[in-house]
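What follows is the content of structure_10.cif (mmCIF, C-alpha atoms).
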data_start
#
loop_
_atom_site.label_atom_id
_atom_site.label_comp_id
_atom_site.auth_asym_id
_atom_site.auth_seq_id
_atom_site.Cartn_x
_atom_site.Cartn_y
_atom_site.Cartn_z
CA MET C 1 -2.93 1.18 21.44
CA ALA C 2 -0.80 -1.69 20.11
CA ASN C 3 -3.65 -4.22 20.32
CA ARG C 4 -6.07 -1.84 18.66
CA GLN C 5 -3.55 -1.10 15.96
CA PHE C 6 -2.92 -4.78 15.26
CA ARG C 7 -6.64 -5.61 15.13
CA VAL C 8 -7.51 -2.89 12.65
CA LEU C 9 -4.58 -3.54 10.33
CA GLU C 10 -4.96 -7.30 10.34
CA SER C 11 -8.70 -7.11 9.70
CA SER C 12 -8.01 -4.73 6.81
CA ARG C 13 -5.66 -7.34 5.37
CA ALA C 14 -8.58 -9.70 4.88
CA ASP C 15 -10.42 -7.23 2.70
CA ALA C 16 -10.91 -8.53 -0.83
CA ALA C 17 -9.94 -5.20 -2.39
CA PHE C 18 -6.53 -5.40 -0.74
CA ARG C 19 -5.92 -9.04 -1.59
CA MET C 20 -7.15 -9.04 -5.19
CA THR C 21 -5.92 -5.74 -6.60
CA SER C 22 -3.17 -5.84 -9.24
CA ALA C 23 -1.48 -2.83 -7.59
CA PRO C 24 1.29 -3.61 -5.06
CA TYR C 25 0.33 -2.67 -1.48
CA LEU C 26 1.97 -3.07 1.91
CA LEU C 27 0.45 -2.29 5.34
CA LEU C 28 2.66 -0.83 8.07
CA ASP C 29 1.86 -0.11 11.69
CA SER C 30 3.02 3.11 13.37
CA GLU C 31 6.32 1.46 14.34
CA LEU C 32 7.00 0.66 10.67
CA ARG C 33 6.56 -3.07 11.09
CA ILE C 34 5.01 -4.92 8.17
CA ARG C 35 1.50 -6.18 8.98
CA ALA C 36 0.43 -7.38 5.55
CA VAL C 37 1.37 -7.39 1.86
CA ASN C 38 -0.79 -8.34 -1.08
CA PRO C 39 0.17 -10.78 -3.86
CA ALA C 40 1.06 -7.96 -6.25
CA TYR C 41 3.57 -6.61 -3.72
CA GLU C 42 5.06 -10.09 -3.33
CA ARG C 43 5.63 -10.29 -7.09
CA ALA C 44 7.08 -6.79 -7.33
CA THR C 45 9.57 -7.22 -4.48
CA LEU C 46 10.44 -10.92 -4.93
CA ARG C 47 9.43 -11.61 -1.31
CA THR C 48 6.55 -13.54 0.25
CA GLU C 49 4.14 -12.30 2.88
CA ASP C 50 5.29 -15.03 5.26
CA GLU C 51 8.85 -13.70 4.98
CA LEU C 52 7.85 -10.09 5.50
CA ARG C 53 5.05 -10.09 8.07
CA GLY C 54 6.24 -8.71 11.41
CA GLU C 55 9.57 -7.46 10.03
CA TYR C 56 10.77 -3.91 10.56
CA LEU C 57 10.46 -2.36 7.09
CA PHE C 58 14.10 -1.30 6.70
CA ASP C 59 15.43 -4.61 7.99
CA ALA C 60 13.43 -6.32 5.24
CA PHE C 61 14.38 -3.73 2.60
CA PRO C 62 17.77 -2.13 3.36
CA ASP C 63 19.70 0.08 0.96
CA ASN C 64 21.80 -1.69 -1.66
CA PRO C 65 25.33 -1.71 -0.15
CA ALA C 66 26.84 -1.95 -3.64
CA ASP C 67 25.31 1.43 -4.58
CA PRO C 68 27.08 4.22 -2.65
CA GLY C 69 24.45 6.72 -3.82
CA SER C 70 21.46 4.75 -2.57
CA ASP C 71 19.04 6.88 -0.58
CA GLY C 72 15.90 4.77 -0.57
CA VAL C 73 15.86 4.18 3.19
CA ASP C 74 16.34 7.87 4.03
CA LYS C 75 13.74 9.16 1.59
CA LEU C 76 11.12 6.51 2.31
CA GLY C 77 11.70 6.92 6.05
CA ALA C 78 11.16 10.68 5.77
CA SER C 79 7.98 10.16 3.74
CA LEU C 80 6.55 7.68 6.24
CA GLN C 81 7.28 9.98 9.18
CA HIS C 82 5.56 12.81 7.30
CA VAL C 83 2.47 10.63 6.87
CA LEU C 84 2.45 9.43 10.48
CA GLY C 85 3.06 12.90 11.89
CA ARG C 86 0.66 14.87 9.71
CA ALA C 87 -1.94 12.26 8.70
CA GLN C 88 -1.47 13.35 5.09
CA ARG C 89 -0.87 11.34 1.91
CA HIS C 90 2.63 11.79 0.47
CA TYR C 91 3.73 11.23 -3.13
CA MET C 92 7.44 10.45 -3.44
CA GLY C 93 7.83 10.90 -7.19
CA ILE C 94 10.32 8.57 -8.88
CA GLN C 95 12.61 6.73 -6.47
CA ARG C 96 15.30 4.13 -7.07
CA TYR C 97 15.16 1.47 -4.38
CA ASP C 98 16.81 -1.86 -5.19
CA VAL C 99 15.46 -5.06 -3.63
CA PRO C 100 17.53 -7.99 -2.33
CA VAL C 101 17.56 -11.26 -4.22
CA PRO C 102 15.94 -13.95 -2.04
CA GLY C 103 18.52 -16.19 -0.39
CA GLY C 104 21.52 -14.20 -1.58
CA THR C 105 23.49 -11.00 -1.08
CA ALA C 106 22.88 -9.47 -4.52
CA PHE C 107 20.28 -6.79 -5.25
CA VAL C 108 17.97 -6.25 -8.24
CA LYS C 109 17.74 -2.72 -9.62
CA LYS C 110 14.25 -1.31 -9.09
CA VAL C 111 12.75 2.13 -9.74
CA TRP C 112 9.37 2.97 -8.23
CA THR C 113 6.73 5.67 -7.88
CA PRO C 114 5.70 5.29 -4.21
CA VAL C 115 2.60 6.76 -2.54
CA ASN C 116 2.16 6.59 1.24
CA SER C 117 -1.25 7.16 2.83
CA PRO C 118 -2.29 7.29 6.49
CA ILE C 119 -4.65 4.74 8.02
CA VAL C 120 -6.74 6.82 10.40
CA GLU C 121 -9.42 5.85 12.88
CA ASP C 122 -11.10 8.27 15.31
CA GLY C 123 -8.46 10.88 14.51
CA THR C 124 -5.55 8.56 15.34
CA VAL C 125 -3.02 7.45 12.72
CA LEU C 126 -2.74 3.69 13.18
CA GLY C 127 -0.37 3.00 10.30
CA VAL C 128 0.45 3.56 6.65
CA LEU C 129 -0.77 2.09 3.40
CA HIS C 130 2.31 1.95 1.15
CA HIS C 131 1.68 1.65 -2.59
CA VAL C 132 4.31 1.36 -5.32
CA GLU C 133 4.34 1.11 -9.09
CA ASP C 134 7.39 -0.50 -10.69
CA VAL C 135 8.73 1.87 -13.37
CA THR C 136 12.11 0.19 -13.80
CA GLU C 137 11.31 -0.49 -17.45
CA LEU C 138 10.68 3.19 -18.14
CA ASP C 139 13.85 4.22 -16.34
CA GLY C 140 15.82 1.79 -18.51
CA LEU C 141 14.28 3.16 -21.69
CA LEU C 142 15.35 6.67 -20.72
CA GLU C 143 18.99 5.65 -20.39
CA HIS C 144 21.30 6.24 -23.34
CA PRO C 145 22.93 2.93 -24.38
CA ASP C 146 26.34 4.58 -23.94
CA GLY C 147 25.43 5.78 -20.45
CA GLY C 148 23.91 9.01 -19.22
CA ASP C 149 20.52 10.49 -19.94
CA ALA C 150 19.06 10.00 -23.41
CA GLY C 151 17.15 13.26 -22.94
CA GLU C 152 20.49 15.11 -23.13
CA ALA C 153 21.68 13.34 -26.27
CA GLY C 154 20.71 15.91 -28.87
CA ASN C 155 18.95 14.26 -31.82
CA TRP C 156 19.43 10.75 -30.41
CA TRP C 157 15.65 10.26 -30.14
CA GLU C 158 15.17 11.22 -33.80
CA THR C 159 17.51 8.45 -34.87
CA HIS C 160 15.92 5.89 -32.54
CA PRO C 161 12.15 6.19 -33.17
CA GLY C 162 11.50 2.68 -31.86
CA ARG C 163 12.96 3.61 -28.48
CA LEU C 164 10.85 6.78 -28.40
CA ARG C 165 7.65 4.83 -29.13
CA ALA C 166 8.51 2.39 -26.34
CA VAL C 167 8.96 5.29 -23.90
CA LEU C 168 5.65 6.87 -24.91
CA ASP C 169 3.86 3.53 -24.55
CA ALA C 170 5.38 3.04 -21.11
CA LEU C 171 4.34 6.55 -20.07
CA ARG C 172 0.77 5.93 -21.23
CA ARG C 173 0.63 2.68 -19.23
CA LEU C 174 2.00 4.46 -16.18
CA ARG C 175 -0.53 7.30 -16.48
CA HIS C 176 -3.39 4.82 -16.83
CA ALA C 177 -2.14 2.81 -13.84
CA HIS C 178 -1.74 5.97 -11.77
CA ARG C 179 -5.34 7.08 -12.41
CA ALA C 180 -6.67 3.61 -11.61
CA VAL C 181 -4.63 3.45 -8.41
CA LEU C 182 -5.89 6.82 -7.15
CA GLU C 183 -9.48 5.61 -7.49
CA GLU C 184 -8.67 2.21 -6.03
CA ASN C 185 -6.74 3.81 -3.17
CA THR C 186 -9.80 5.81 -2.16
CA HIS C 187 -12.03 2.71 -2.20
CA LEU C 188 -9.45 0.72 -0.23
CA HIS C 189 -9.19 3.38 2.46
CA GLU C 190 -12.96 3.45 2.79
CA ALA C 191 -13.07 -0.34 3.06
CA MET C 192 -10.41 -0.25 5.78
CA ARG C 193 -12.28 2.42 7.74
CA HIS C 194 -15.50 0.40 7.50
CA ARG C 195 -13.72 -2.78 8.52
CA GLY C 196 -12.46 -1.14 11.71
CA VAL C 197 -15.98 -0.04 12.66
CA ILE C 198 -17.37 -3.52 11.97
CA GLU C 199 -14.65 -5.15 14.09
CA GLN C 200 -15.46 -2.79 16.95
CA ALA C 201 -19.19 -3.59 16.73
CA LYS C 202 -18.42 -7.32 16.67
CA GLY C 203 -16.37 -6.86 19.83
CA ILE C 204 -19.32 -5.18 21.56
CA LEU C 205 -21.66 -8.05 20.66
CA MET C 206 -19.10 -10.61 21.78
CA ALA C 207 -18.67 -8.86 25.13
CA GLN C 208 -22.37 -8.16 25.77
CA ARG C 209 -23.97 -11.32 24.38
CA GLY C 210 -21.18 -13.88 24.51
CA TYR C 211 -21.23 -14.42 20.73
CA SER C 212 -18.29 -15.81 18.80
CA ALA C 213 -16.71 -13.52 16.20
CA ASP C 214 -18.51 -15.34 13.37
CA ASP C 215 -21.87 -15.23 15.16
CA ALA C 216 -21.46 -11.52 15.92
CA PHE C 217 -20.79 -10.77 12.27
CA ALA C 218 -23.76 -12.94 11.24
CA VAL C 219 -26.01 -10.85 13.51
CA LEU C 220 -24.82 -7.63 11.86
CA VAL C 221 -25.39 -9.09 8.38
CA ASP C 222 -28.85 -10.34 9.35
CA LEU C 223 -29.83 -6.91 10.67
CA SER C 224 -28.51 -5.32 7.48
CA GLN C 225 -30.58 -7.62 5.27
CA HIS C 226 -33.78 -7.08 7.25
CA THR C 227 -33.46 -3.31 7.46
CA ASN C 228 -31.82 -2.67 4.07
CA ILE C 229 -29.11 -0.69 5.87
CA LYS C 230 -25.42 -1.24 5.14
CA VAL C 231 -23.51 -3.42 7.60
CA HIS C 232 -21.11 -0.54 8.31
CA ASP C 233 -24.01 1.76 9.26
CA ILE C 234 -25.55 -0.92 11.48
CA ALA C 235 -22.18 -1.34 13.20
CA GLN C 236 -21.73 2.41 13.65
CA ALA C 237 -25.22 2.73 15.14
CA LEU C 238 -24.41 -0.01 17.65
CA ILE C 239 -21.18 1.73 18.65
CA ASP C 240 -22.95 5.07 18.99
CA GLN C 241 -25.60 3.47 21.20
CA VAL C 242 -22.96 2.03 23.53
CA VAL C 243 -20.98 5.28 23.66
CA ASP C 244 -24.12 7.30 24.44
#

If you took the structure in this file and wrote it as structure tokens, what would it be?
Amino acid sequence: MANRQFRVLESSRADAAFRMTSAPYLLLDSELRIRAVNPAYERATLRTEDELRGEYLFDAFPDNPADPGSDGVDKLGASLQHVLGRAQRHYMGIQRYDVPVPGGTAFVKKVWTPVNSPIVEDGTVLGVLHHVEDVTELDGLLEHPDGGDAGEAGNWWETHPGRLRAVLDALRRLRHAHRAVLEENTHLHEAMRHRGVIEQAKGILMAQRGYSADDAFAVLVDLSQHTNIKVHDIAQALIDQVVD
């Protein structure tokens, strides 16, 4: 299972949708080891893919020891186990989860809206697609300058219309980003599922015909062009033929 898991997740990493999207994504295997992160995730967490790949998630992102109330590890861990155990997407709502400053012991305050989705193939959960949106700016806008929650400050908003407009603008941006991510998330999952099927078909051609990985993929593409059938469907037909 480990080899299969690694192959599917690493091949998904090469997908253009994963690499080019502006939304931060991280790929985890079923043991919660980081298999890939995209550039947006690197920017959001101040870490590079080279630093993170292969790391156990909570070794790479521990709780902030300076915050006695930090619960990011517990809540994210529970969400990921829910996804792995039930093969269901899980929305975490708003979650504070500070990130360590590279090369130091300090942490940067971060507030996120995480969504965790299962990566499933043939009914087996191979890992988790972890998506976050950084809403730290919005959280800061909702804080009263004297501490506490501005929402409990009586007519404070009426006397600070600029702050209210900033909050509403941030909420609109977050809503727009959330809608875009839901659509993108669906496309990304489909691309990952297709990629796994294509990798399996390539493996069959390599084993049966002695092709290299590149030559096997070229054969699938050539068949697709000559038959006007999608590469994924050609690959699935080949797999079905072997299974039958």

Checklist entry - Which distance in Å separates CA of Pro65 (chain C) and CA of Ile94 (chain C), to one decimal? => result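 Answer for the CA of Pro65 (chain C) to CA of Ile94 (chain C) separation: 20.2 Å.
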
Next on the checklist: With the PyMOL selection byres ((chain C and resi 66) around 12) as the selection, what would be picked from this file? Answer as a PyMOL selection string, please.
Outcome noted: chain C and resi 62-65+67-70+98-100+105-109

Output C-alpha atoms of each residue in that selection to a file, as an mmCIF file, keeping the file's coordinate frame.
data_model
loop_
_atom_site.group_PDB
_atom_site.id
_atom_site.type_symbol
_atom_site.label_atom_id
_atom_site.label_comp_id
_atom_site.auth_asym_id
_atom_site.auth_seq_id
_atom_site.Cartn_x
_atom_site.Cartn_y
_atom_site.Cartn_z
ATOM 1 C CA PRO C 62 17.770 -2.130 3.360
ATOM 2 C CA ASP C 63 19.700 0.080 0.960
ATOM 3 C CA ASN C 64 21.800 -1.690 -1.660
ATOM 4 C CA PRO C 65 25.330 -1.710 -0.150
ATOM 5 C CA ASP C 67 25.310 1.430 -4.580
ATOM 6 C CA PRO C 68 27.080 4.220 -2.650
ATOM 7 C CA GLY C 69 24.450 6.720 -3.820
ATOM 8 C CA SER C 70 21.460 4.750 -2.570
ATOM 9 C CA ASP C 98 16.810 -1.860 -5.190
ATOM 10 C CA VAL C 99 15.460 -5.060 -3.630
ATOM 11 C CA PRO C 100 17.530 -7.990 -2.330
ATOM 12 C CA THR C 105 23.490 -11.000 -1.080
ATOM 13 C CA ALA C 106 22.880 -9.470 -4.520
ATOM 14 C CA PHE C 107 20.280 -6.790 -5.250
ATOM 15 C CA VAL C 108 17.970 -6.250 -8.240
ATOM 16 C CA LYS C 109 17.740 -2.720 -9.620
#

Next on the checklist: I'd like the contact shell of region 225-238 of chain C - 8 Å cut-off, all atoms listed in the file, skipping same-chain residues fewer than 3 positions apart - returned as a PyMOL selection string.
Outcome noted: chain C and resi 194-195+197-198+200-202+220-222+241-242

Which residues come within 10 Å of Ala44 (chain C), counting all atoms listed in the file, excluding same-chain residues fewer than 4 positions away, as a PDB file with C-alpha atoms, in the coordinates of the input?
ATOM      1  CA  ALA C  23      -1.480  -2.830  -7.590  1.00  0.00           C
ATOM      2  CA  PRO C  24       1.290  -3.610  -5.060  1.00  0.00           C
ATOM      3  CA  TYR C  25       0.330  -2.670  -1.480  1.00  0.00           C
ATOM      4  CA  PRO C  39       0.170 -10.780  -3.860  1.00  0.00           C
ATOM      5  CA  ALA C  40       1.060  -7.960  -6.250  1.00  0.00           C
ATOM      6  CA  VAL C  99      15.460  -5.060  -3.630  1.00  0.00           C
ATOM      7  CA  LYS C 110      14.250  -1.310  -9.090  1.00  0.00           C
ATOM      8  CA  VAL C 132       4.310   1.360  -5.320  1.00  0.00           C
ATOM      9  CA  GLU C 133       4.340   1.110  -9.090  1.00  0.00           C
ATOM     10  CA  ASP C 134       7.390  -0.500 -10.690  1.00  0.00           C
TER      11      ASP C 134
END

Checklist entry - How would you write, as a ChimeraX atom specification, the residues chosen by the PyMOL selection byres ((chain C and resi 113) around 9) on this structure? => result /C:91-96,111-112,114-115,131-135

Keeping only C-alpha atoms, write those residues as a PDB file, keeping the file's coordinate frame.
ATOM      1  CA  TYR C  91       3.730  11.230  -3.130  1.00  0.00           C
ATOM      2  CA  MET C  92       7.440  10.450  -3.440  1.00  0.00           C
ATOM      3  CA  GLY C  93       7.830  10.900  -7.190  1.00  0.00           C
ATOM      4  CA  ILE C  94      10.320   8.570  -8.880  1.00  0.00           C
ATOM      5  CA  GLN C  95      12.610   6.730  -6.470  1.00  0.00           C
ATOM      6  CA  ARG C  96      15.300   4.130  -7.070  1.00  0.00           C
ATOM      7  CA  VAL C 111      12.750   2.130  -9.740  1.00  0.00           C
ATOM      8  CA  TRP C 112       9.370   2.970  -8.230  1.00  0.00           C
ATOM      9  CA  PRO C 114       5.700   5.290  -4.210  1.00  0.00           C
ATOM     10  CA  VAL C 115       2.600   6.760  -2.540  1.00  0.00           C
ATOM     11  CA  HIS C 131       1.680   1.650  -2.590  1.00  0.00           C
ATOM     12  CA  VAL C 132       4.310   1.360  -5.320  1.00  0.00           C
ATOM     13  CA  GLU C 133       4.340   1.110  -9.090  1.00  0.00           C
ATOM     14  CA  ASP C 134       7.390  -0.500 -10.690  1.00  0.00           C
ATOM     15  CA  VAL C 135       8.730   1.870 -13.370  1.00  0.00           C
TER      16      VAL C 135
END

Next on the checklist: Between CA of Arg33 (chain C) and CA of Asp71 (chain C), what distance in Å does the model show, to one decimal?
Outcome noted: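 According to the coordinates, CA of Arg33 (chain C) and CA of Asp71 (chain C) are separated by 19.8 Å.
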
Nearby residues (all atoms listed in the file) at most 12 Å from His130 (chain C), same-chain spacing under 5 positions excluded, as a PDB file with C-alpha atoms, keeping the file's coordinate frame:
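Wrote it out as selection.pdb, contents follow:
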ATOM      1  CA  PHE C  18      -6.530  -5.400  -0.740  1.00  0.00           C
ATOM      2  CA  ALA C  23      -1.480  -2.830  -7.590  1.00  0.00           C
ATOM      3  CA  PRO C  24       1.290  -3.610  -5.060  1.00  0.00           C
ATOM      4  CA  TYR C  25       0.330  -2.670  -1.480  1.00  0.00           C
ATOM      5  CA  LEU C  26       1.970  -3.070   1.910  1.00  0.00           C
ATOM      6  CA  LEU C  27       0.450  -2.290   5.340  1.00  0.00           C
ATOM      7  CA  LEU C  28       2.660  -0.830   8.070  1.00  0.00           C
ATOM      8  CA  ASP C  29       1.860  -0.110  11.690  1.00  0.00           C
ATOM      9  CA  LEU C  32       7.000   0.660  10.670  1.00  0.00           C
ATOM     10  CA  ARG C  33       6.560  -3.070  11.090  1.00  0.00           C
ATOM     11  CA  ILE C  34       5.010  -4.920   8.170  1.00  0.00           C
ATOM     12  CA  ARG C  35       1.500  -6.180   8.980  1.00  0.00           C
ATOM     13  CA  ALA C  36       0.430  -7.380   5.550  1.00  0.00           C
ATOM     14  CA  VAL C  37       1.370  -7.390   1.860  1.00  0.00           C
ATOM     15  CA  ASN C  38      -0.790  -8.340  -1.080  1.00  0.00           C
ATOM     16  CA  TYR C  41       3.570  -6.610  -3.720  1.00  0.00           C
ATOM     17  CA  LEU C  57      10.460  -2.360   7.090  1.00  0.00           C
ATOM     18  CA  LEU C  76      11.120   6.510   2.310  1.00  0.00           C
ATOM     19  CA  GLY C  77      11.700   6.920   6.050  1.00  0.00           C
ATOM     20  CA  SER C  79       7.980  10.160   3.740  1.00  0.00           C
ATOM     21  CA  LEU C  80       6.550   7.680   6.240  1.00  0.00           C
ATOM     22  CA  VAL C  83       2.470  10.630   6.870  1.00  0.00           C
ATOM     23  CA  LEU C  84       2.450   9.430  10.480  1.00  0.00           C
ATOM     24  CA  ARG C  89      -0.870  11.340   1.910  1.00  0.00           C
ATOM     25  CA  HIS C  90       2.630  11.790   0.470  1.00  0.00           C
ATOM     26  CA  TYR C  91       3.730  11.230  -3.130  1.00  0.00           C
ATOM     27  CA  MET C  92       7.440  10.450  -3.440  1.00  0.00           C
ATOM     28  CA  TRP C 112       9.370   2.970  -8.230  1.00  0.00           C
ATOM     29  CA  THR C 113       6.730   5.670  -7.880  1.00  0.00           C
ATOM     30  CA  PRO C 114       5.700   5.290  -4.210  1.00  0.00           C
ATOM     31  CA  VAL C 115       2.600   6.760  -2.540  1.00  0.00           C
ATOM     32  CA  ASN C 116       2.160   6.590   1.240  1.00  0.00           C
ATOM     33  CA  SER C 117      -1.250   7.160   2.830  1.00  0.00           C
ATOM     34  CA  PRO C 118      -2.290   7.290   6.490  1.00  0.00           C
ATOM     35  CA  ILE C 119      -4.650   4.740   8.020  1.00  0.00           C
ATOM     36  CA  VAL C 181      -4.630   3.450  -8.410  1.00  0.00           C
ATOM     37  CA  ASN C 185      -6.740   3.810  -3.170  1.00  0.00           C
ATOM     38  CA  LEU C 188      -9.450   0.720  -0.230  1.00  0.00           C
ATOM     39  CA  HIS C 189      -9.190   3.380   2.460  1.00  0.00           C
TER      40      HIS C 189
END

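Take the candidates C:Phe217, C:Pro102, C:Glu31, C:Ser22 and check each one against Glu51 (chain C) using all atoms listed in the file; the shortest distance goes to C:Pro102.
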
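From CA of Leu46 (chain C) back to CA of Val101 (chain C), the distance works out to 7.2 Å.
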
Item to check | Nearby residues (all atoms listed in the file) at most 10 Å from Ser212 (chain C), same-chain spacing under 6 positions excluded, as a VMD selection string | outcome: chain C and resid 202 to 203 205 to 206 218

Taking all atoms of region 115-132 of chain C that the file lists, what box with edges along x, y and z, padded by 5 Å per side, do you get, with centre and edge lengths in Å to one decimal, as JSON?
{"center_x": -3.4, "center_y": 6.1, "center_z": 5.0, "size_x": 25.4, "size_y": 19.5, "size_z": 30.7}

Item to check | Option closest in space to Phe58 (chain C), from C:Asp122, C:Thr45, C:Val73, C:Arg19 [counting all atoms listed in the file] | outcome: C:Val73

Item to check | Nearest residue to Asp74 (chain C) from the set C:Gly210, C:Ala216, C:Tyr97, C:Glu199 (distances using all atoms listed in the file) | outcome: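 The shortest atom-to-atom distance to Asp74 (chain C) comes from C:Tyr97.
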